[in-house]
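A.B. asks: The following file, run-v4.cif, comprises mmCIF, C-alpha atoms:
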```
data_run
#
loop_
_atom_site.group_PDB
_atom_site.id
_atom_site.type_symbol
_atom_site.label_atom_id
_atom_site.label_comp_id
_atom_site.auth_asym_id
_atom_site.auth_seq_id
_atom_site.Cartn_x
_atom_site.Cartn_y
_atom_site.Cartn_z
ATOM 1 C CA MET G 164 -11.197 19.988 1.684
ATOM 2 C CA SER G 165 -9.516 18.651 -1.436
ATOM 3 C CA HIS G 166 -7.799 21.052 -3.820
ATOM 4 C CA ILE G 167 -10.239 20.098 -6.596
ATOM 5 C CA PRO G 168 -13.901 19.016 -6.421
ATOM 6 C CA LEU G 169 -14.122 15.257 -5.814
ATOM 7 C CA GLU G 170 -17.045 12.966 -5.055
ATOM 8 C CA SER G 171 -17.651 13.322 -1.303
ATOM 9 C CA HIS G 172 -18.447 9.618 -0.868
ATOM 10 C CA LEU G 173 -15.032 8.620 -2.293
ATOM 11 C CA PRO G 174 -12.283 9.683 0.099
ATOM 12 C CA GLY G 175 -8.575 9.122 -0.333
ATOM 13 C CA ILE G 176 -7.249 7.602 -3.512
ATOM 14 C CA THR G 177 -10.631 6.342 -4.747
ATOM 15 C CA GLY G 178 -12.002 9.811 -5.462
ATOM 16 C CA LEU G 179 -8.820 10.792 -7.258
ATOM 17 C CA LEU G 180 -8.842 7.657 -9.393
ATOM 18 C CA GLU G 181 -12.490 8.239 -10.276
ATOM 19 C CA TYR G 182 -11.721 11.843 -11.234
ATOM 20 C CA ARG G 183 -9.328 10.674 -13.976
ATOM 21 C CA GLN G 184 -10.371 7.156 -14.899
ATOM 22 C CA ASP G 185 -8.137 7.219 -17.969
ATOM 23 C CA SER G 186 -4.969 7.754 -15.936
ATOM 24 C CA ALA G 187 -6.313 5.577 -13.115
ATOM 25 C CA LYS G 188 -6.694 2.496 -15.301
ATOM 26 C CA PRO G 189 -2.970 1.713 -15.759
ATOM 27 C CA ILE G 190 -2.203 2.622 -12.134
ATOM 28 C CA ARG G 191 -4.930 0.276 -10.901
ATOM 29 C CA GLU G 192 -3.708 -2.494 -13.218
ATOM 30 C CA LEU G 193 -0.140 -2.118 -11.972
ATOM 31 C CA THR G 194 -1.286 -2.141 -8.350
ATOM 32 C CA GLN G 195 -3.447 -5.223 -8.923
ATOM 33 C CA LEU G 196 -0.543 -6.998 -10.623
ATOM 34 C CA LEU G 197 1.973 -6.140 -7.903
ATOM 35 C CA LEU G 198 -0.197 -6.649 -4.816
ATOM 36 C CA ARG G 199 -2.588 -9.380 -5.947
ATOM 37 C CA GLY G 200 -0.874 -10.997 -8.921
ATOM 38 C CA GLU G 201 1.229 -14.127 -8.948
ATOM 39 C CA SER G 202 4.166 -13.787 -6.581
ATOM 40 C CA THR G 203 6.317 -15.741 -4.176
ATOM 41 C CA LEU G 204 5.594 -12.972 -1.660
ATOM 42 C CA THR G 205 2.257 -13.378 0.064
ATOM 43 C CA GLU G 206 -0.433 -10.756 -0.332
ATOM 44 C CA ALA G 207 0.079 -9.908 3.346
ATOM 45 C CA GLU G 208 3.817 -9.362 2.823
ATOM 46 C CA ARG G 209 3.138 -7.052 -0.099
ATOM 47 C CA GLU G 210 0.606 -5.127 1.989
ATOM 48 C CA LEU G 211 3.247 -4.785 4.726
ATOM 49 C CA ILE G 212 5.567 -3.123 2.200
ATOM 50 C CA ALA G 213 2.792 -0.724 1.139
ATOM 51 C CA THR G 214 1.964 0.048 4.764
ATOM 52 C CA LEU G 215 5.567 0.663 5.801
ATOM 53 C CA VAL G 216 6.192 3.060 2.920
ATOM 54 C CA SER G 217 2.898 4.889 3.476
ATOM 55 C CA SER G 218 3.571 5.260 7.197
ATOM 56 C CA ARG G 219 7.047 6.639 6.567
ATOM 57 C CA ASN G 220 5.543 9.091 4.066
ATOM 58 C CA GLN G 221 3.054 10.056 6.795
ATOM 59 C CA CYS G 222 0.102 9.420 4.490
ATOM 60 C CA ARG G 223 -2.615 8.641 7.006
ATOM 61 C CA PHE G 224 -5.169 7.462 4.436
ATOM 62 C CA CYS G 225 -2.865 4.954 2.720
ATOM 63 C CA THR G 226 -1.257 3.787 5.956
ATOM 64 C CA THR G 227 -4.598 3.066 7.604
ATOM 65 C CA ALA G 228 -6.114 1.473 4.488
ATOM 66 C CA HIS G 229 -3.198 -0.880 3.849
ATOM 67 C CA LYS G 230 -2.691 -1.678 7.513
ATOM 68 C CA SER G 231 -6.327 -2.773 7.580
ATOM 69 C CA ALA G 232 -5.773 -5.000 4.537
ATOM 70 C CA ALA G 233 -2.556 -6.436 6.003
ATOM 71 C CA ASP G 234 -4.257 -7.114 9.342
ATOM 72 C CA ILE G 235 -7.076 -8.982 7.597
ATOM 73 C CA LEU G 236 -4.647 -11.033 5.521
ATOM 74 C CA LEU G 237 -2.486 -11.804 8.563
ATOM 75 C CA GLY G 238 -5.490 -12.558 10.771
ATOM 76 C CA GLU G 239 -4.183 -10.249 13.507
ATOM 77 C CA SER G 240 -3.118 -6.630 14.004
ATOM 78 C CA GLU G 241 0.067 -6.738 16.041
ATOM 79 C CA THR G 242 2.554 -7.681 13.301
ATOM 80 C CA CYS G 243 1.751 -4.775 11.011
ATOM 81 C CA GLU G 244 1.914 -2.307 13.891
ATOM 82 C CA MET G 245 5.322 -3.700 14.836
ATOM 83 C CA VAL G 246 6.516 -3.420 11.212
ATOM 84 C CA ILE G 247 5.523 0.245 11.208
ATOM 85 C CA ASN G 248 7.307 0.922 14.509
ATOM 86 C CA ASP G 249 10.478 -1.147 13.962
ATOM 87 C CA PHE G 250 10.465 -3.740 11.204
ATOM 88 C CA GLU G 251 13.860 -5.116 12.240
ATOM 89 C CA SER G 252 12.354 -6.376 15.519
ATOM 90 C CA ALA G 253 8.948 -7.309 14.076
ATOM 91 C CA PRO G 254 7.892 -10.974 14.017
ATOM 92 C CA VAL G 255 8.573 -11.466 10.305
ATOM 93 C CA GLY G 256 11.249 -13.579 8.660
ATOM 94 C CA GLU G 257 14.728 -12.357 7.837
ATOM 95 C CA LYS G 258 13.932 -12.260 4.131
ATOM 96 C CA MET G 259 10.975 -9.976 4.792
ATOM 97 C CA LYS G 260 13.072 -7.750 7.062
ATOM 98 C CA SER G 261 15.661 -7.389 4.307
ATOM 99 C CA LEU G 262 12.962 -6.493 1.774
ATOM 100 C CA LEU G 263 11.388 -4.009 4.182
ATOM 101 C CA ALA G 264 14.818 -2.414 4.592
ATOM 102 C CA ILE G 265 14.996 -1.990 0.822
ATOM 103 C CA ALA G 266 11.481 -0.519 0.778
ATOM 104 C CA ALA G 267 12.420 1.903 3.556
ATOM 105 C CA HIS G 268 15.421 3.067 1.544
ATOM 106 C CA VAL G 269 13.336 3.502 -1.611
ATOM 107 C CA GLN G 270 10.860 5.606 0.387
ATOM 108 C CA LYS G 271 13.619 8.093 1.218
ATOM 109 C CA ASN G 272 15.402 8.012 -2.125
ATOM 110 C CA GLY G 273 15.844 5.195 -4.599
ATOM 111 C CA LYS G 274 19.570 5.864 -4.617
ATOM 112 C CA ASN G 275 19.666 4.858 -0.950
ATOM 113 C CA VAL G 276 19.301 1.201 -1.928
ATOM 114 C CA THR G 277 22.816 -0.217 -1.776
ATOM 115 C CA GLU G 278 24.487 -3.314 -3.127
ATOM 116 C CA GLY G 279 24.744 -4.364 0.525
ATOM 117 C CA ASP G 280 20.945 -4.205 0.844
ATOM 118 C CA VAL G 281 20.571 -6.413 -2.215
ATOM 119 C CA ILE G 282 23.233 -8.866 -1.014
ATOM 120 C CA ARG G 283 21.518 -9.059 2.383
ATOM 121 C CA ALA G 284 18.175 -9.785 0.709
ATOM 122 C CA ARG G 285 19.685 -12.467 -1.525
ATOM 123 C CA ASN G 286 21.508 -14.035 1.439
ATOM 124 C CA CYS G 287 18.146 -14.177 3.223
ATOM 125 C CA GLY G 288 16.613 -16.023 0.288
ATOM 126 C CA ALA G 289 15.032 -13.195 -1.710
ATOM 127 C CA THR G 290 14.870 -13.704 -5.445
ATOM 128 C CA ASP G 291 15.695 -11.010 -7.966
ATOM 129 C CA ARG G 292 11.993 -10.732 -8.772
ATOM 130 C CA GLU G 293 11.129 -10.241 -5.078
ATOM 131 C CA ILE G 294 13.758 -7.497 -4.843
ATOM 132 C CA HIS G 295 12.452 -5.910 -8.045
ATOM 133 C CA ASP G 296 8.828 -6.058 -6.923
ATOM 134 C CA THR G 297 9.679 -4.637 -3.498
ATOM 135 C CA VAL G 298 11.322 -1.609 -5.105
ATOM 136 C CA LEU G 299 8.410 -1.163 -7.502
ATOM 137 C CA ILE G 300 5.760 -1.507 -4.759
ATOM 138 C CA ALA G 301 7.644 1.010 -2.614
ATOM 139 C CA ALA G 302 7.949 3.452 -5.518
ATOM 140 C CA LEU G 303 4.289 2.999 -6.454
ATOM 141 C CA PHE G 304 3.167 3.770 -2.918
ATOM 142 C CA CYS G 305 5.340 6.875 -2.826
ATOM 143 C CA LEU G 306 3.353 7.967 -5.890
ATOM 144 C CA TYR G 307 0.036 7.126 -4.211
ATOM 145 C CA ASN G 308 0.994 8.841 -0.962
ATOM 146 C CA LYS G 309 2.053 12.027 -2.724
ATOM 147 C CA TYR G 310 -1.064 11.903 -4.920
ATOM 148 C CA VAL G 311 -3.462 11.587 -1.963
ATOM 149 C CA ASP G 312 -1.722 14.178 0.195
ATOM 150 C CA GLY G 313 -0.759 16.503 -2.658
ATOM 151 C CA MET G 314 -4.411 16.799 -3.695
ATOM 152 C CA ALA G 315 -5.540 17.093 -0.059
ATOM 153 C CA SER G 316 -7.948 14.224 -0.587
ATOM 154 C CA PHE G 317 -10.400 13.700 2.264
ATOM 155 C CA THR G 318 -9.083 11.294 4.902
ATOM 156 C CA PRO G 319 -11.766 9.728 7.110
ATOM 157 C CA THR G 320 -11.047 9.245 10.803
ATOM 158 C CA ASP G 321 -13.663 6.559 11.501
ATOM 159 C CA PRO G 322 -11.963 3.154 11.987
ATOM 160 C CA ALA G 323 -15.087 1.444 10.599
ATOM 161 C CA PHE G 324 -14.433 3.079 7.219
ATOM 162 C CA TYR G 325 -10.967 1.501 7.028
ATOM 163 C CA LYS G 326 -12.261 -1.875 8.160
ATOM 164 C CA LYS G 327 -14.705 -1.875 5.226
ATOM 165 C CA LEU G 328 -12.008 -0.590 2.879
ATOM 166 C CA GLY G 329 -9.611 -3.309 4.035
ATOM 167 C CA GLU G 330 -12.302 -5.903 3.385
ATOM 168 C CA ARG G 331 -12.901 -4.490 -0.101
ATOM 169 C CA ILE G 332 -9.160 -4.458 -0.868
ATOM 170 C CA THR G 333 -8.710 -8.063 0.265
ATOM 171 C CA THR G 334 -11.764 -9.402 -1.551
ATOM 172 C CA VAL G 335 -12.009 -7.273 -4.718
ATOM 173 C CA GLY G 336 -8.408 -6.122 -5.012
ATOM 174 C CA TYR G 337 -7.392 -2.894 -6.690
ATOM 175 C CA ASN G 338 -9.505 -3.001 -9.820
ATOM 176 C CA ARG G 339 -12.352 -0.539 -10.213
ATOM 177 C CA LEU G 340 -15.615 -2.013 -8.976
ATOM 178 C CA PRO G 341 -17.569 -3.270 -12.018
ATOM 179 C CA GLY G 342 -20.493 -0.883 -11.470
ATOM 180 C CA GLY G 343 -18.415 1.984 -10.136
ATOM 181 C CA TYR G 344 -18.833 3.395 -6.649
ATOM 182 C CA ASP G 345 -22.366 4.807 -6.524
ATOM 183 C CA GLN G 346 -23.385 2.125 -4.015
ATOM 184 C CA LEU G 347 -20.926 3.698 -1.558
ATOM 185 C CA LYS G 348 -23.016 6.877 -1.456
ATOM 186 C CA THR G 349 -25.491 5.111 0.797
ATOM 187 C CA GLN G 350 -22.677 3.866 3.046
ATOM 188 C CA SER G 351 -20.985 7.225 3.580
#
```
What does the file become when written as structure tokens?

C.D. replies:
Amino acid sequence: MSHIPLESHLPGITGLLEYRQDSAKPIRELTQLLLRGESTLTEAERELIATLVSSRNQCRFCTTAHKSAADILLGESETCEMVINDFESAPVGEKMKSLLAIAAHVQKNGKNVTEGDVIRARNCGATDREIHDTVLIAALFCLYNKYVDGMASFTPTDPAFYKKLGERITTVGYNRLPGGYDQLKTQS
């Protein structure tokens, strides 16, 4: 049961964003820009960052939602699971491993990111913008994770829910649906 009354058909972050659409608007825009906007990192790579941070923050809703999106974008489910368990041995490139290391440090404390982490990322081919965006995505998902869990937002357990959510994330992105979310009432 959430700490405040939320629409029952909108679990996780969606209900919270609908509760305060005025504060949700800039958060959604930033998320859309970072995860779906123009970037040299693929959408799947950006979803991996979101998933890693969410899993380390033990936010079940965000972890499962973004793992679903990453799996869809990757076309398989093993890579994301391996990133969650041990990104250094996951089947991703060295640049991605270095960026995931930065994200993991941000998740604990932004001050944990060292010059050595940045040098490693640059030596692996990461641009300053990729380093910047990794830190910002990691910080943004710390906010989301704390928001969802801090408000005790409902977290579904049905894998089918997350499959549909992953499909919505990968097709619509992070913007509010044009007509809102009333159509989800019939799906819940």

A.B. asks: Using all atoms listed in the file, find the one residue out of G:Phe250, G:Phe224, G:Tyr307, G:Phe317 that sits nearest to His166 (chain G).

C.D. replies: G:Phe317

A.B. asks: For region 235-326 of chain G against region 173-188 of chain G, with a cut-off of 6 Å and counting only C-alpha atoms, what is the closest atom pair and its distance in Å to one decimal for every residue that makes the cut, ordered by chain and number, as a Markdown table?

C.D. replies:
```
| residue | atom | partner | partner_atom | distance |
| --- | --- | --- | --- | --- |
| G:Val311 | CA | G:Ile176 | CA | 5.7 |
| G:Ser316 | CA | G:Gly175 | CA | 5.1 |
| G:Phe317 | CA | G:Pro174 | CA | 4.9 |
| G:Thr318 | CA | G:Gly175 | CA | 5.7 |
```

A.B. asks: Considering only C-alpha atoms, can you say which of G:Ser202, G:Asn286, G:Thr214, G:Ser240 comes closest to Ala228 (chain G)?

C.D. replies: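 For Ala228 (chain G), the nearest of the given residues is G:Thr214.
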
A.B. asks: Around the point (1.2, 12.6, -0.5), in the coordinates given by the file, pick out the residues reaching within 10 Å, counting all atoms listed in the file, and return them as a PyMOL selection string.

C.D. replies: chain G and resi 217+220-225+304-316

A.B. asks: What does the file look like for those residues with C-alpha atoms, as a PDB file, keeping the file's coordinate frame?

C.D. replies:
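Saved to result07.pdb:
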```pdb
ATOM      1  CA  SER G 217       2.898   4.889   3.476  1.00  0.00           C
ATOM      2  CA  ASN G 220       5.543   9.091   4.066  1.00  0.00           C
ATOM      3  CA  GLN G 221       3.054  10.056   6.795  1.00  0.00           C
ATOM      4  CA  CYS G 222       0.102   9.420   4.490  1.00  0.00           C
ATOM      5  CA  ARG G 223      -2.615   8.641   7.006  1.00  0.00           C
ATOM      6  CA  PHE G 224      -5.169   7.462   4.436  1.00  0.00           C
ATOM      7  CA  CYS G 225      -2.865   4.954   2.720  1.00  0.00           C
ATOM      8  CA  PHE G 304       3.167   3.770  -2.918  1.00  0.00           C
ATOM      9  CA  CYS G 305       5.340   6.875  -2.826  1.00  0.00           C
ATOM     10  CA  LEU G 306       3.353   7.967  -5.890  1.00  0.00           C
ATOM     11  CA  TYR G 307       0.036   7.126  -4.211  1.00  0.00           C
ATOM     12  CA  ASN G 308       0.994   8.841  -0.962  1.00  0.00           C
ATOM     13  CA  LYS G 309       2.053  12.027  -2.724  1.00  0.00           C
ATOM     14  CA  TYR G 310      -1.064  11.903  -4.920  1.00  0.00           C
ATOM     15  CA  VAL G 311      -3.462  11.587  -1.963  1.00  0.00           C
ATOM     16  CA  ASP G 312      -1.722  14.178   0.195  1.00  0.00           C
ATOM     17  CA  GLY G 313      -0.759  16.503  -2.658  1.00  0.00           C
ATOM     18  CA  MET G 314      -4.411  16.799  -3.695  1.00  0.00           C
ATOM     19  CA  ALA G 315      -5.540  17.093  -0.059  1.00  0.00           C
ATOM     20  CA  SER G 316      -7.948  14.224  -0.587  1.00  0.00           C
TER      21      SER G 316
END
```

A.B. asks: Pick the closest to Val298 (chain G) from G:Leu262, G:Ser218, G:Ala233, G:Arg331: which is it, counting only C-alpha atoms?

C.D. replies: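 Ranked by minimum distance to Val298 (chain G), first place goes to G:Leu262.
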
A.B. asks: For CA of Glu251 (chain G) and CA of Leu197 (chain G), quote the distance in Å rounded to one decimal.

C.D. replies: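 Between these atoms lies a distance of 23.4 Å.
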
A.B. asks: Return as a PyMOL selection string the set of residues that the PyMOL selection byres ((chain G and resi 321) around 12) yields on the displayed structure.

C.D. replies: chain G and resi 174+224+227-228+318-320+322-328+351

A.B. asks: Can you list what the PyMOL selection byres ((chain G and resi 270-284) around 7) grabs from this structure, as a list in words?

C.D. replies: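 On this input, the PyMOL selection byres ((chain G and resi 270-284) around 7) captures Val216, Lys258, Ser261, Leu262, Ile265, Ala266, Ala267, His268, Val269, Arg285, Asn286, Cys287, Gly288, Ala289, Ala301, Ala302 and Cys305 of chain G.
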
A.B. asks: Interatomic distance between CA of Ser231 (chain G) and CA of Cys243 (chain G)?

C.D. replies: 9.0 Å

A.B. asks: Between G:Ile294, G:Glu208, G:Glu201, G:Ile300, which is the closest to Thr242 (chain G) once you count all atoms listed in the file?

C.D. replies: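 Among the listed residues, the smallest separation from Thr242 (chain G) belongs to G:Glu208.
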
A.B. asks: Given the file shown, enumerate the residues that the PyMOL selection byres ((chain G and resi 203) around 9) captures and present them as a PyMOL selection string.

C.D. replies: chain G and resi 201-202+204-205+290+292-293

A.B. asks: Quick one, how far is CA of Val246 (chain G) from CA of Leu193 (chain G)?

C.D. replies: 24.2 Å

A.B. asks: Show me a table, sorted first by chain and then by increasing residue number, of the residues of region 184-214 of chain G having an atom at most 7 Å from region 338-346 of chain G, each with its shortest atom pair and the distance in Å to one decimal, counting all atoms listed in the file and written as a tab-separated table.

C.D. replies:
```
residue	atom	partner	partner_atom	distance
G:Arg191	CA	G:Asn338	CA	5.7
G:Glu192	CA	G:Asn338	CA	6.7
G:Gln195	CA	G:Asn338	CA	6.5
```

A.B. asks: As JSON, what would the box around region 205-221 of chain G look like: edges along x, y and z, 3 Å added on every side, centre and edge lengths in Å to one decimal?

C.D. replies:
```
{"center_x": 3.3, "center_y": -1.7, "center_z": 3.4, "size_x": 13.5, "size_y": 29.4, "size_z": 13.5}
```

A.B. asks: N, CA and C atoms for region 169-193 of chain G, written as a compact mmCIF listing (two decimals), keeping the file's coordinate frame, could you do that?

C.D. replies:
```
# COMPACT_ATOMS: atom_id res chain seq x y z
N LEU G 169 -14.09 16.72 -5.69
CA LEU G 169 -14.12 15.26 -5.81
C LEU G 169 -15.43 14.76 -5.22
N GLU G 170 -15.84 13.57 -5.61
CA GLU G 170 -17.05 12.97 -5.06
C GLU G 170 -16.87 12.80 -3.55
N SER G 171 -17.79 13.33 -2.77
CA SER G 171 -17.65 13.32 -1.30
C SER G 171 -17.72 11.93 -0.70
N HIS G 172 -18.34 10.97 -1.40
CA HIS G 172 -18.45 9.62 -0.87
C HIS G 172 -17.23 8.76 -1.23
N LEU G 173 -16.23 9.36 -1.88
CA LEU G 173 -15.03 8.62 -2.29
C LEU G 173 -13.77 9.29 -1.74
N PRO G 174 -13.47 9.06 -0.49
CA PRO G 174 -12.28 9.68 0.10
C PRO G 174 -10.99 9.04 -0.40
N GLY G 175 -9.90 9.68 -0.04
CA GLY G 175 -8.57 9.12 -0.33
C GLY G 175 -8.33 8.95 -1.81
N ILE G 176 -7.66 7.87 -2.14
CA ILE G 176 -7.25 7.60 -3.51
C ILE G 176 -8.43 7.32 -4.42
N THR G 177 -9.51 6.76 -3.90
CA THR G 177 -10.63 6.34 -4.75
C THR G 177 -11.23 7.53 -5.49
N GLY G 178 -11.46 8.63 -4.81
CA GLY G 178 -12.00 9.81 -5.46
C GLY G 178 -11.08 10.35 -6.53
N LEU G 179 -9.79 10.32 -6.27
CA LEU G 179 -8.82 10.79 -7.26
C LEU G 179 -8.79 9.89 -8.49
N LEU G 180 -8.84 8.58 -8.27
CA LEU G 180 -8.84 7.66 -9.39
C LEU G 180 -10.13 7.78 -10.21
N GLU G 181 -11.23 8.04 -9.55
CA GLU G 181 -12.49 8.24 -10.28
C GLU G 181 -12.47 9.54 -11.06
N TYR G 182 -11.80 10.55 -10.56
CA TYR G 182 -11.72 11.84 -11.23
C TYR G 182 -11.07 11.72 -12.61
N ARG G 183 -10.02 10.90 -12.69
CA ARG G 183 -9.33 10.67 -13.98
C ARG G 183 -9.24 9.18 -14.22
N GLN G 184 -10.34 8.60 -14.68
CA GLN G 184 -10.37 7.16 -14.90
C GLN G 184 -9.39 6.71 -15.98
N ASP G 185 -9.08 7.59 -16.92
CA ASP G 185 -8.14 7.22 -17.97
C ASP G 185 -6.73 7.04 -17.41
N SER G 186 -6.30 7.93 -16.55
CA SER G 186 -4.97 7.75 -15.94
C SER G 186 -5.01 6.73 -14.81
N ALA G 187 -6.18 6.54 -14.21
CA ALA G 187 -6.31 5.58 -13.12
C ALA G 187 -6.19 4.14 -13.59
N LYS G 188 -6.66 3.87 -14.80
CA LYS G 188 -6.69 2.50 -15.30
C LYS G 188 -5.32 1.82 -15.26
N PRO G 189 -4.27 2.40 -15.82
CA PRO G 189 -2.97 1.71 -15.76
C PRO G 189 -2.39 1.65 -14.34
N ILE G 190 -2.69 2.65 -13.52
CA ILE G 190 -2.20 2.62 -12.13
C ILE G 190 -2.88 1.49 -11.38
N ARG G 191 -4.19 1.36 -11.55
CA ARG G 191 -4.93 0.28 -10.90
C ARG G 191 -4.41 -1.09 -11.37
N GLU G 192 -4.19 -1.22 -12.67
CA GLU G 192 -3.71 -2.49 -13.22
C GLU G 192 -2.35 -2.85 -12.65
N LEU G 193 -1.46 -1.86 -12.55
CA LEU G 193 -0.14 -2.12 -11.97
C LEU G 193 -0.25 -2.51 -10.50
```
